[in-house]
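File shown: coords-v1.csv. Contents: CSV, C-alpha atoms.
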chain,number,residue,atom,x,y,z
A,1,MET,CA,-123.8,154.5,-120.8
A,2,GLY,CA,-124.9,157.4,-118.6
A,3,GLY,CA,-123.4,160.8,-119.3
A,4,ARG,CA,-123.7,164.3,-118.0
A,5,ALA,CA,-126.9,166.1,-118.8
A,6,GLN,CA,-127.0,169.7,-120.2
A,7,ASP,CA,-127.9,171.1,-116.8
A,8,GLY,CA,-124.6,169.7,-115.3
A,9,ARG,CA,-126.2,166.9,-113.3
A,10,ARG,CA,-125.2,163.3,-114.0
A,11,SER,CA,-127.9,161.5,-115.9
A,12,ASP,CA,-129.3,158.2,-114.7
A,13,ASP,CA,-127.6,155.0,-115.6
A,14,ARG,CA,-130.0,152.5,-117.1
A,15,GLY,CA,-129.5,148.9,-118.1
A,16,ALA,CA,-130.5,147.2,-121.3
A,17,SER,CA,-134.1,146.7,-120.1
A,18,GLY,CA,-134.4,150.4,-119.3
A,19,ASP,CA,-134.7,149.7,-115.5
A,20,ARG,CA,-132.8,152.0,-113.1
A,21,ARG,CA,-129.6,150.4,-111.9
A,22,PRO,CA,-129.6,150.0,-108.1
A,23,THR,CA,-127.1,152.2,-106.3
A,24,ARG,CA,-126.9,149.8,-103.4
A,25,PRO,CA,-126.7,146.0,-103.3
A,26,PRO,CA,-129.7,144.1,-102.0
A,27,GLN,CA,-130.0,143.9,-98.2
A,28,ASP,CA,-128.9,140.2,-98.0
A,29,GLN,CA,-125.8,141.0,-100.0
A,30,ARG,CA,-124.6,144.0,-97.9
A,31,VAL,CA,-121.5,143.6,-95.8
A,32,SER,CA,-122.4,143.1,-92.2
A,33,GLY,CA,-120.5,144.8,-89.5
A,34,PRO,CA,-119.0,143.3,-86.4
A,35,GLU,CA,-121.3,141.8,-83.8
A,36,ILE,CA,-122.9,144.2,-81.3
A,37,PRO,CA,-123.6,142.9,-77.7
A,38,GLU,CA,-127.3,142.7,-76.9
A,39,ASP,CA,-126.9,145.0,-73.9
A,40,VAL,CA,-125.8,147.8,-76.2
A,41,VAL,CA,-128.8,150.0,-77.0
A,42,PHE,CA,-129.4,153.2,-78.9
A,43,GLY,CA,-130.1,155.1,-75.7
A,44,ASP,CA,-126.4,154.6,-74.6
A,45,LEU,CA,-125.4,157.1,-77.3
A,46,ASP,CA,-124.8,160.7,-76.3
A,47,ARG,CA,-127.9,162.9,-76.8
A,48,ALA,CA,-126.0,165.3,-79.0
A,49,ALA,CA,-125.0,162.4,-81.3
A,50,ARG,CA,-128.5,161.0,-81.4
A,51,ALA,CA,-130.1,164.1,-82.9
A,52,PRO,CA,-128.3,164.0,-86.3
A,53,LEU,CA,-129.3,160.3,-86.7
A,54,ARG,CA,-133.0,161.4,-87.0
A,55,THR,CA,-132.5,161.8,-90.7
A,56,LEU,CA,-132.3,158.0,-91.0
A,57,SER,CA,-135.1,155.5,-90.7
A,58,LYS,CA,-135.8,154.4,-87.2
A,59,GLU,CA,-134.4,150.9,-87.7
A,60,ASN,CA,-131.3,152.1,-89.5
A,61,ALA,CA,-130.7,154.9,-86.9
A,62,ASN,CA,-131.0,152.3,-84.1
A,63,GLN,CA,-128.4,150.1,-85.8
A,64,VAL,CA,-126.0,152.9,-86.7
A,65,GLY,CA,-126.3,154.4,-83.2
A,66,ARG,CA,-125.4,151.1,-81.6
A,67,HIS,CA,-122.3,150.9,-83.8
A,68,LEU,CA,-121.3,154.4,-82.7
A,69,VAL,CA,-121.7,153.3,-79.0
A,70,MET,CA,-119.2,150.5,-79.7
A,71,VAL,CA,-116.8,152.9,-81.3
A,72,GLY,CA,-116.8,155.0,-78.2
A,73,ARG,CA,-116.3,152.0,-75.9
A,74,LEU,CA,-113.5,150.5,-78.0
A,75,LEU,CA,-111.5,153.5,-79.2
A,76,ASP,CA,-109.0,153.4,-76.4
A,77,VAL,CA,-108.9,149.7,-75.7
A,78,ASP,CA,-109.2,148.1,-79.2
A,79,PRO,CA,-108.9,150.8,-81.9
A,80,GLU,CA,-109.0,148.2,-84.8
A,81,LEU,CA,-112.3,146.8,-83.7
A,82,ALA,CA,-113.6,150.4,-83.1
A,83,TYR,CA,-112.6,151.1,-86.7
A,84,GLU,CA,-114.6,148.2,-88.0
A,85,HIS,CA,-117.7,149.4,-86.1
A,86,ALA,CA,-117.2,152.9,-87.5
A,87,GLN,CA,-117.0,151.5,-91.1
A,88,ALA,CA,-120.2,149.6,-90.5
A,89,ALA,CA,-121.9,152.8,-89.4
A,90,VAL,CA,-120.6,154.7,-92.5
A,91,ARG,CA,-122.1,152.0,-94.8
A,92,SER,CA,-125.5,152.6,-93.3
A,93,GLY,CA,-125.3,156.3,-92.4
A,94,GLY,CA,-122.4,157.9,-94.3
A,95,ARG,CA,-124.2,161.2,-94.8
A,96,VAL,CA,-124.4,162.0,-91.1
A,97,ASP,CA,-121.6,164.1,-89.7
A,98,VAL,CA,-121.3,162.2,-86.4
A,99,VAL,CA,-120.9,159.0,-88.3
A,100,ARG,CA,-118.1,160.4,-90.5
A,101,GLU,CA,-116.5,162.0,-87.3
A,102,ALA,CA,-116.4,158.5,-85.6
A,103,ALA,CA,-114.9,157.1,-88.8
A,104,GLY,CA,-112.2,159.8,-88.9
A,105,LEU,CA,-111.3,159.4,-85.2
A,106,ALA,CA,-111.1,155.6,-85.5
A,107,ALA,CA,-108.9,155.9,-88.6
A,108,TYR,CA,-106.6,158.4,-86.8
A,109,ARG,CA,-106.2,156.1,-83.8
A,110,THR,CA,-105.2,153.2,-86.1
A,111,GLY,CA,-102.7,155.2,-88.1
A,112,ARG,CA,-104.7,155.6,-91.2
A,113,TYR,CA,-103.8,159.2,-91.5
A,114,ALA,CA,-104.9,159.9,-95.1
A,115,GLU,CA,-108.3,158.3,-94.5
A,116,ALA,CA,-108.7,160.2,-91.2
A,117,LEU,CA,-107.8,163.5,-92.9
A,118,ARG,CA,-110.4,162.8,-95.6
A,119,GLU,CA,-113.1,162.0,-93.1
A,120,LEU,CA,-112.5,165.0,-90.9
A,121,ARG,CA,-112.5,167.3,-93.9
A,122,THR,CA,-115.9,165.9,-94.8
A,123,VAL,CA,-117.1,166.6,-91.3
A,124,ARG,CA,-116.0,170.2,-91.5
A,125,ARG,CA,-117.9,170.5,-94.8
A,126,LEU,CA,-121.0,169.0,-93.3
A,127,ASN,CA,-121.2,171.0,-90.1
A,128,GLY,CA,-118.7,173.8,-90.6
A,129,SER,CA,-116.8,173.0,-87.4
A,130,SER,CA,-113.0,173.1,-87.1
A,131,GLU,CA,-112.9,171.4,-83.7
A,132,HIS,CA,-110.7,168.6,-85.0
A,133,LEU,CA,-108.1,171.0,-86.6
A,134,ALA,CA,-105.4,169.7,-84.2
A,135,ILE,CA,-106.0,166.1,-85.3
A,136,MET,CA,-106.0,167.1,-88.9
A,137,ALA,CA,-102.6,168.9,-88.4
A,138,ASP,CA,-101.2,165.8,-86.7
A,139,CYS,CA,-102.4,163.7,-89.7
A,140,GLU,CA,-100.3,165.9,-91.9
A,141,ARG,CA,-97.4,165.2,-89.7
A,142,GLY,CA,-98.2,161.5,-89.9
A,143,LEU,CA,-98.1,161.8,-93.7
A,144,GLU,CA,-94.6,163.5,-93.4
A,145,ARG,CA,-95.9,166.9,-94.3
A,146,PRO,CA,-95.0,169.1,-91.3
A,147,GLU,CA,-95.2,172.3,-93.3
A,148,ARG,CA,-98.9,171.7,-93.9
A,149,ALA,CA,-99.4,171.0,-90.2
A,150,ILE,CA,-97.9,174.5,-89.4
A,151,ALA,CA,-100.0,176.1,-92.1
A,152,LEU,CA,-103.2,174.7,-90.6
A,153,ALA,CA,-102.2,176.1,-87.2
A,154,GLN,CA,-101.8,179.5,-88.8
A,155,SER,CA,-105.2,179.5,-90.6
A,156,PRO,CA,-107.9,181.9,-89.5
A,157,GLU,CA,-110.1,179.0,-88.2
A,158,ALA,CA,-107.4,178.2,-85.7
A,159,GLN,CA,-107.8,181.6,-84.0
A,160,THR,CA,-111.5,180.8,-83.3
A,161,LEU,CA,-110.8,177.5,-81.4
A,162,PRO,CA,-111.3,177.2,-77.6
A,163,ALA,CA,-108.2,177.6,-75.5
A,164,GLU,CA,-107.8,173.9,-74.8
A,165,THR,CA,-107.9,173.1,-78.5
A,166,ARG,CA,-105.3,175.8,-79.3
A,167,VAL,CA,-103.0,174.1,-76.7
A,168,GLU,CA,-103.5,170.8,-78.5
A,169,LEU,CA,-102.6,172.5,-81.8
A,170,ALA,CA,-99.5,174.1,-80.2
A,171,ILE,CA,-98.3,170.6,-79.2
A,172,VAL,CA,-98.7,169.5,-82.8
A,173,VAL,CA,-96.9,172.5,-84.1
A,174,SER,CA,-94.0,171.9,-81.7
A,175,GLY,CA,-93.7,168.4,-83.1
A,176,ALA,CA,-93.8,169.7,-86.6
A,177,ARG,CA,-91.0,172.1,-85.9
A,178,LEU,CA,-88.9,169.2,-84.5
A,179,ASP,CA,-89.6,167.3,-87.7
A,180,LEU,CA,-88.0,170.2,-89.6
A,181,GLY,CA,-85.0,170.2,-87.2
A,182,GLU,CA,-86.0,173.5,-85.6
A,183,ALA,CA,-85.6,172.6,-81.9
A,184,GLU,CA,-85.6,176.2,-80.5
A,185,ALA,CA,-88.8,177.0,-82.5
A,186,ALA,CA,-90.4,173.8,-81.2
A,187,ALA,CA,-89.8,174.9,-77.6
A,188,ALA,CA,-91.0,178.5,-78.4
A,189,ALA,CA,-94.3,177.1,-79.8
A,190,LEU,CA,-95.2,175.9,-76.3
A,191,GLY,CA,-94.5,179.2,-74.7
A,192,THR,CA,-97.9,180.7,-75.5
A,193,PRO,CA,-100.1,182.0,-72.6
A,194,GLU,CA,-102.6,179.1,-73.2
A,195,ALA,CA,-99.9,176.5,-73.0
A,196,ARG,CA,-98.4,178.0,-69.8
A,197,ALA,CA,-101.9,178.1,-68.2
A,198,ALA,CA,-102.8,174.5,-69.1
A,199,SER,CA,-103.7,172.2,-66.1
A,200,GLY,CA,-104.3,168.6,-65.4
A,201,ALA,CA,-103.3,166.0,-67.9
A,202,LEU,CA,-103.0,168.6,-70.7
A,203,ALA,CA,-100.3,170.4,-68.6
A,204,VAL,CA,-98.3,167.2,-68.3
A,205,ARG,CA,-98.5,166.7,-72.1
A,206,VAL,CA,-97.2,170.2,-72.7
A,207,ALA,CA,-94.3,169.5,-70.3
A,208,VAL,CA,-93.4,166.3,-72.1
A,209,ALA,CA,-93.5,167.9,-75.5
A,210,LYS,CA,-91.5,170.9,-74.3
A,211,ALA,CA,-88.9,168.7,-72.6
A,212,ALA,CA,-88.4,166.9,-75.9
A,213,ALA,CA,-87.8,170.2,-77.7
A,214,LEU,CA,-85.4,171.4,-75.0
A,215,GLU,CA,-83.5,168.1,-75.1
A,216,ALA,CA,-83.2,168.4,-78.9
A,217,ALA,CA,-81.9,171.9,-78.4
A,218,GLY,CA,-79.1,170.7,-76.1
A,219,ARG,CA,-80.7,172.1,-73.0
A,220,GLY,CA,-80.8,168.9,-70.9
A,221,SER,CA,-81.0,170.6,-67.5
A,222,ASP,CA,-84.0,172.7,-68.6
A,223,ALA,CA,-85.7,169.6,-69.9
A,224,GLU,CA,-85.2,167.8,-66.5
A,225,ALA,CA,-86.6,170.9,-64.7
A,226,GLU,CA,-89.6,170.8,-66.9
A,227,LEU,CA,-90.4,167.3,-66.0
A,228,ALA,CA,-89.5,167.5,-62.3
A,229,ARG,CA,-92.9,169.1,-61.5
A,230,PHE,CA,-94.7,165.8,-62.2
A,231,THR,CA,-94.7,162.3,-60.8
A,232,ALA,CA,-93.6,159.2,-62.7
A,233,GLU,CA,-97.3,158.1,-62.9
A,234,GLN,CA,-98.4,161.4,-64.4
A,235,LEU,CA,-95.6,161.3,-67.0
A,236,ALA,CA,-96.4,157.7,-67.9
A,237,GLU,CA,-100.1,158.5,-68.4
A,238,ALA,CA,-99.2,161.4,-70.6
A,239,THR,CA,-96.9,159.4,-72.8
A,240,GLY,CA,-99.1,156.3,-72.9
A,241,GLU,CA,-96.6,154.1,-71.1
A,242,ASP,CA,-97.1,151.9,-68.1
A,243,ALA,CA,-96.3,153.4,-64.8
A,244,PRO,CA,-93.6,151.7,-62.8
A,245,ASP,CA,-95.1,149.1,-60.4
A,246,GLU,CA,-93.4,147.7,-57.3
A,247,ALA,CA,-94.8,144.3,-58.2
A,248,ASP,CA,-93.0,144.5,-61.5
A,249,GLU,CA,-89.6,145.3,-60.0
A,250,VAL,CA,-86.7,143.5,-61.6
A,251,VAL,CA,-84.8,141.1,-59.3
A,252,VAL,CA,-81.1,140.8,-60.0
A,253,PHE,CA,-79.4,137.6,-59.2
A,254,ASP,CA,-75.7,137.5,-58.6
A,255,LEU,CA,-74.6,134.7,-60.9
A,256,ALA,CA,-71.0,135.1,-59.8
A,257,GLU,CA,-71.9,133.9,-56.3
A,258,ASP,CA,-73.8,131.0,-57.8
A,259,GLU,CA,-70.8,130.1,-59.9
A,260,ASP,CA,-68.5,130.3,-56.8
A,261,GLU,CA,-70.8,128.0,-54.8
A,262,LEU,CA,-71.0,125.6,-57.8
A,263,ALA,CA,-67.2,125.5,-57.9
A,264,VAL,CA,-67.0,124.8,-54.2
A,265,ASP,CA,-69.6,122.0,-54.6
A,266,GLU,CA,-67.6,120.6,-57.5
A,267,ASP,CA,-64.4,120.7,-55.5
A,268,ALA,CA,-66.2,119.0,-52.6
A,269,ARG,CA,-67.4,116.2,-54.9
A,270,GLU,CA,-64.0,115.8,-56.4
A,271,GLY,CA,-62.4,115.6,-53.0
A,272,THR,CA,-64.9,113.0,-51.9
A,273,ALA,CA,-64.3,111.0,-55.0
A,274,ARG,CA,-60.5,111.3,-54.5
A,275,VAL,CA,-60.8,110.1,-50.9
A,276,GLY,CA,-62.9,107.2,-52.0
A,277,ALA,CA,-60.4,106.3,-54.6
A,278,GLU,CA,-57.5,106.5,-52.1
A,279,HIS,CA,-59.5,104.3,-49.8
A,280,ASP,CA,-59.9,101.7,-52.5
A,281,VAL,CA,-56.2,102.0,-53.3
A,282,ASN,CA,-55.2,101.5,-49.7
A,283,GLU,CA,-57.4,98.4,-49.4
A,284,HIS,CA,-55.8,97.2,-52.6
A,285,ASP,CA,-52.3,97.8,-51.1
A,286,VAL,CA,-53.3,95.9,-47.9
A,287,ASN,CA,-54.5,92.9,-49.9
A,288,GLU,CA,-51.5,93.0,-52.1
A,289,ARG,CA,-49.1,93.0,-49.1
A,290,ASP,CA,-51.0,90.0,-47.6
A,291,VAL,CA,-50.5,88.2,-50.8
A,292,VAL,CA,-46.8,89.2,-51.0
A,293,ASP,CA,-46.2,88.2,-47.4
A,294,ALA,CA,-47.8,84.8,-48.0
A,295,ARG,CA,-45.6,84.3,-51.0
A,296,ASP,CA,-42.4,85.4,-49.2
A,297,ALA,CA,-43.3,83.0,-46.4
A,298,GLY,CA,-43.5,80.1,-48.8
A,299,ALA,CA,-40.2,81.1,-50.6
A,300,ALA,CA,-38.3,81.5,-47.3
A,301,GLY,CA,-38.4,77.8,-46.7
A,302,ALA,CA,-35.5,77.3,-49.1
A,303,ASP,CA,-33.0,79.3,-46.9
A,304,GLY,CA,-33.6,78.0,-43.4
A,305,PRO,CA,-36.0,78.5,-40.6
A,306,GLY,CA,-39.1,78.7,-42.8
A,307,VAL,CA,-38.6,75.3,-44.3
A,308,GLY,CA,-40.7,73.5,-41.8
A,309,ALA,CA,-43.6,75.8,-42.4
A,310,VAL,CA,-43.5,75.3,-46.1
A,311,ASP,CA,-43.2,71.5,-45.7
A,312,ASP,CA,-46.4,71.5,-43.7
A,313,LEU,CA,-48.3,73.0,-46.7
A,314,PRO,CA,-49.6,70.8,-49.5
A,315,GLY,CA,-47.8,72.9,-52.1
A,316,ASP,CA,-46.6,76.4,-53.0
A,317,GLU,CA,-49.6,77.3,-55.1
A,318,ASP,CA,-52.0,75.8,-52.6
A,319,ALA,CA,-50.3,77.7,-49.7
A,320,VAL,CA,-50.5,81.2,-51.3
A,321,GLU,CA,-54.1,81.0,-52.5
A,322,PRO,CA,-55.8,80.3,-49.1
A,323,VAL,CA,-53.8,83.0,-47.3
A,324,ALA,CA,-54.4,85.7,-50.0
A,325,ALA,CA,-58.0,84.8,-50.2
A,326,ALA,CA,-58.5,84.9,-46.5
A,327,ALA,CA,-56.8,88.4,-46.3
A,328,THR,CA,-58.9,89.7,-49.1
A,329,GLU,CA,-62.2,88.3,-47.7
A,330,ASP,CA,-61.5,90.2,-44.4
A,331,ALA,CA,-61.3,93.4,-46.5
A,332,GLY,CA,-64.5,92.6,-48.4
A,333,ARG,CA,-62.8,92.3,-51.9
A,334,HIS,CA,-62.8,88.6,-52.7
A,335,ASP,CA,-62.9,89.0,-56.4
A,336,VAL,CA,-60.0,91.4,-56.6
A,337,ALA,CA,-57.9,89.0,-54.5
A,338,GLN,CA,-58.4,86.1,-56.8
A,339,ASP,CA,-57.3,88.2,-59.8
A,340,GLU,CA,-54.2,89.4,-57.9
A,341,VAL,CA,-53.3,85.8,-56.8
A,342,ALA,CA,-53.4,84.6,-60.4
A,343,THR,CA,-51.2,87.5,-61.4
A,344,ASP,CA,-48.7,87.0,-58.6
A,345,GLU,CA,-48.3,83.3,-59.5
A,346,VAL,CA,-47.3,84.3,-63.0
A,347,VAL,CA,-44.9,87.1,-61.9
A,348,SER,CA,-43.2,85.0,-59.2
A,349,GLY,CA,-42.6,82.2,-61.7
A,350,GLU,CA,-44.3,79.5,-59.5
A,351,VAL,CA,-45.5,76.3,-61.2
A,352,ALA,CA,-48.9,76.0,-62.7
A,353,PRO,CA,-51.4,73.5,-61.2
A,354,ASP,CA,-51.0,71.0,-64.1
A,355,GLU,CA,-47.2,70.6,-63.1
A,356,ALA,CA,-48.0,69.4,-59.5
A,357,ASP,CA,-46.1,66.2,-59.9
A,358,GLU,CA,-42.8,68.0,-60.9
A,359,ALA,CA,-43.3,70.4,-57.9
A,360,SER,CA,-43.7,67.4,-55.6
A,361,GLY,CA,-40.4,66.1,-56.9
A,362,ASP,CA,-38.6,69.4,-56.2
A,363,SER,CA,-39.9,69.4,-52.7
A,364,THR,CA,-38.6,65.8,-52.2
A,365,ASP,CA,-35.2,66.9,-53.4
A,366,LEU,CA,-35.2,69.7,-50.9
A,367,GLU,CA,-36.0,67.3,-48.0
A,368,ASP,CA,-33.1,65.1,-49.1
A,369,GLY,CA,-30.8,68.0,-48.7
A,370,GLY,CA,-30.6,68.9,-52.4
A,371,GLU,CA,-29.3,72.3,-53.4
A,372,THR,CA,-31.7,75.2,-53.9
A,373,GLN,CA,-31.7,76.3,-57.4
A,374,ALA,CA,-31.4,80.0,-58.1

Could you render the structure from this file as structure tokens?
Amino acid sequence: MGGRAQDGRRSDDRGASGDRRPTRPPQDQRVSGPEIPEDVVFGDLDRAARAPLRTLSKENANQVGRHLVMVGRLLDVDPELAYEHAQAAVRSGGRVDVVREAAGLAAYRTGRYAEALRELRTVRRLNGSSEHLAIMADCERGLERPERAIALAQSPEAQTLPAETRVELAIVVSGARLDLGEAEAAAAALGTPEARAASGALAVRVAVAKAAALEAAGRGSDAEAELARFTAEQLAEATGEDAPDEADEVVVFDLAEDEDELAVDEDAREGTARVGAEHDVNEHDVNERDVVDARDAGAAGADGPGVGAVDDLPGDEDAVEPVAAAATEDAGRHDVAQDEVATDEVVSGEVAPDEADEASGDSTDLEDGGETQA
């Protein structure tokens, strides 16, 4: 086992054979990073970022530089993939400040605040710069440590930052004050000369942050006045939201009118069905009256003037059936008429076809002047 030597440096670890243990896995066993398009070249990297990579071998610098190019391209559109490229660059060039800077920014954009804070602290140790102090303070907020964010803003390094970076730091401090429930202090944090003199997109971000603080302080009218200076597109860009688009307007349909029209249509269909049913009933009544009239005509022969007409017919049942059938055929409902004739024969008590002989005997009695039986 290796231990610490007397001079304080860590002694070499050696295996059983006495050979030095490799500090890195073989090339074919190293984790490969995400694929880089062929059109991405080392020359696409910013000149200021290329200089620190000279400490690496030419081949390694070329590969690390191409990964850094991909980080810059993807940071706003696909932060997760940008993070993967940054991690690939760290595995091959972790001692270069621009590589650790890319890793810290990618971690911050993906919400890995502890990792981002660690990487950016490393960058500050490597190059002594505090240019990312505002992002570091926001990482403290992300880790739910607003007091540390305020402490970073009050550090001596913060006073040496450019005006634009100090405005960024003031926005973070305002948010930290809101985290602590200090709404008035949050609004005051954005009242510095640098914040009031901000322009462009940074001025919009200051207004959005200040409006949030004023709203939390119960000063809604002041918050509205703060935002009234900018268009909806500017505010949407500052907050990262999509601007309203005429093509995306919401169309509201009046469902009540559709329901009313549907009800009218239903009433119309019910009315049509009702009329059709009444028409069928009327036809049925007409056919039934024809049958009844024919039956009455046959029955009237027993009382006087209609006797001759009945005598001319072959029989009562034969007389009713042709008349009813003819009337029903004129109305186009032959099948219904046959059912009705059969029913009327039973109701009226007339004889069945298999009793024709007895019916003929009754007719003979009537012709001989026999009495009509009730």

Original post:
So which one's closest to Arg54 in chain A, A:Leu81, A:Val98, A:Val71, A:Leu214? Using all atoms listed in the file, please.
Top reply: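 Between A:Leu81, A:Val98, A:Val71, A:Leu214, the residue approaching Arg54 in chain A most closely is A:Val98.
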
Original post:
For the atom pair CA of Asp76 in chain A and CA of Ala102 in chain A, what is the interatomic distance in Å to one decimal place?
Top reply: 12.9 Å

**OP:** Show which residues sit within 7 Å of Val99 in chain A, as a ChimeraX atom specification. Count all atoms listed in the file, and ignore same-chain residues fewer than 5 positions away.
**Re:** /A:89-90,93-94

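Among the candidate residues A:Arg95, A:Arg148, A:Arg124, A:His85, the one lying nearest to Ala107 in chain A is A:His85, with distances computed using only C-alpha atoms.
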
Original post:
CA of Ala153 in chain A to CA of Val172 in chain A: how many Å, to one decimal?
Top reply: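 Distance between the two atoms: 8.7 Å.
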
If we count all atoms listed in the file and set the cut-off at 12 Å, which residues sit around Leu143 in chain A, ignoring sequence neighbours fewer than 6 positions away in its own chain? Please answer as a CSV table (one decimal) with C-alpha atoms, keeping the file's coordinate frame.
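So selection37.csv came out as:
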chain,number,residue,atom,x,y,z
A,108,TYR,CA,-106.6,158.4,-86.8
A,111,GLY,CA,-102.7,155.2,-88.1
A,112,ARG,CA,-104.7,155.6,-91.2
A,113,TYR,CA,-103.8,159.2,-91.5
A,114,ALA,CA,-104.9,159.9,-95.1
A,115,GLU,CA,-108.3,158.3,-94.5
A,116,ALA,CA,-108.7,160.2,-91.2
A,117,LEU,CA,-107.8,163.5,-92.9
A,136,MET,CA,-106.0,167.1,-88.9
A,137,ALA,CA,-102.6,168.9,-88.4
A,149,ALA,CA,-99.4,171.0,-90.2
A,176,ALA,CA,-93.8,169.7,-86.6
A,179,ASP,CA,-89.6,167.3,-87.7

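As for CA of Ala49 in chain A and CA of Glu84 in chain A, they are spaced 18.8 Å apart.
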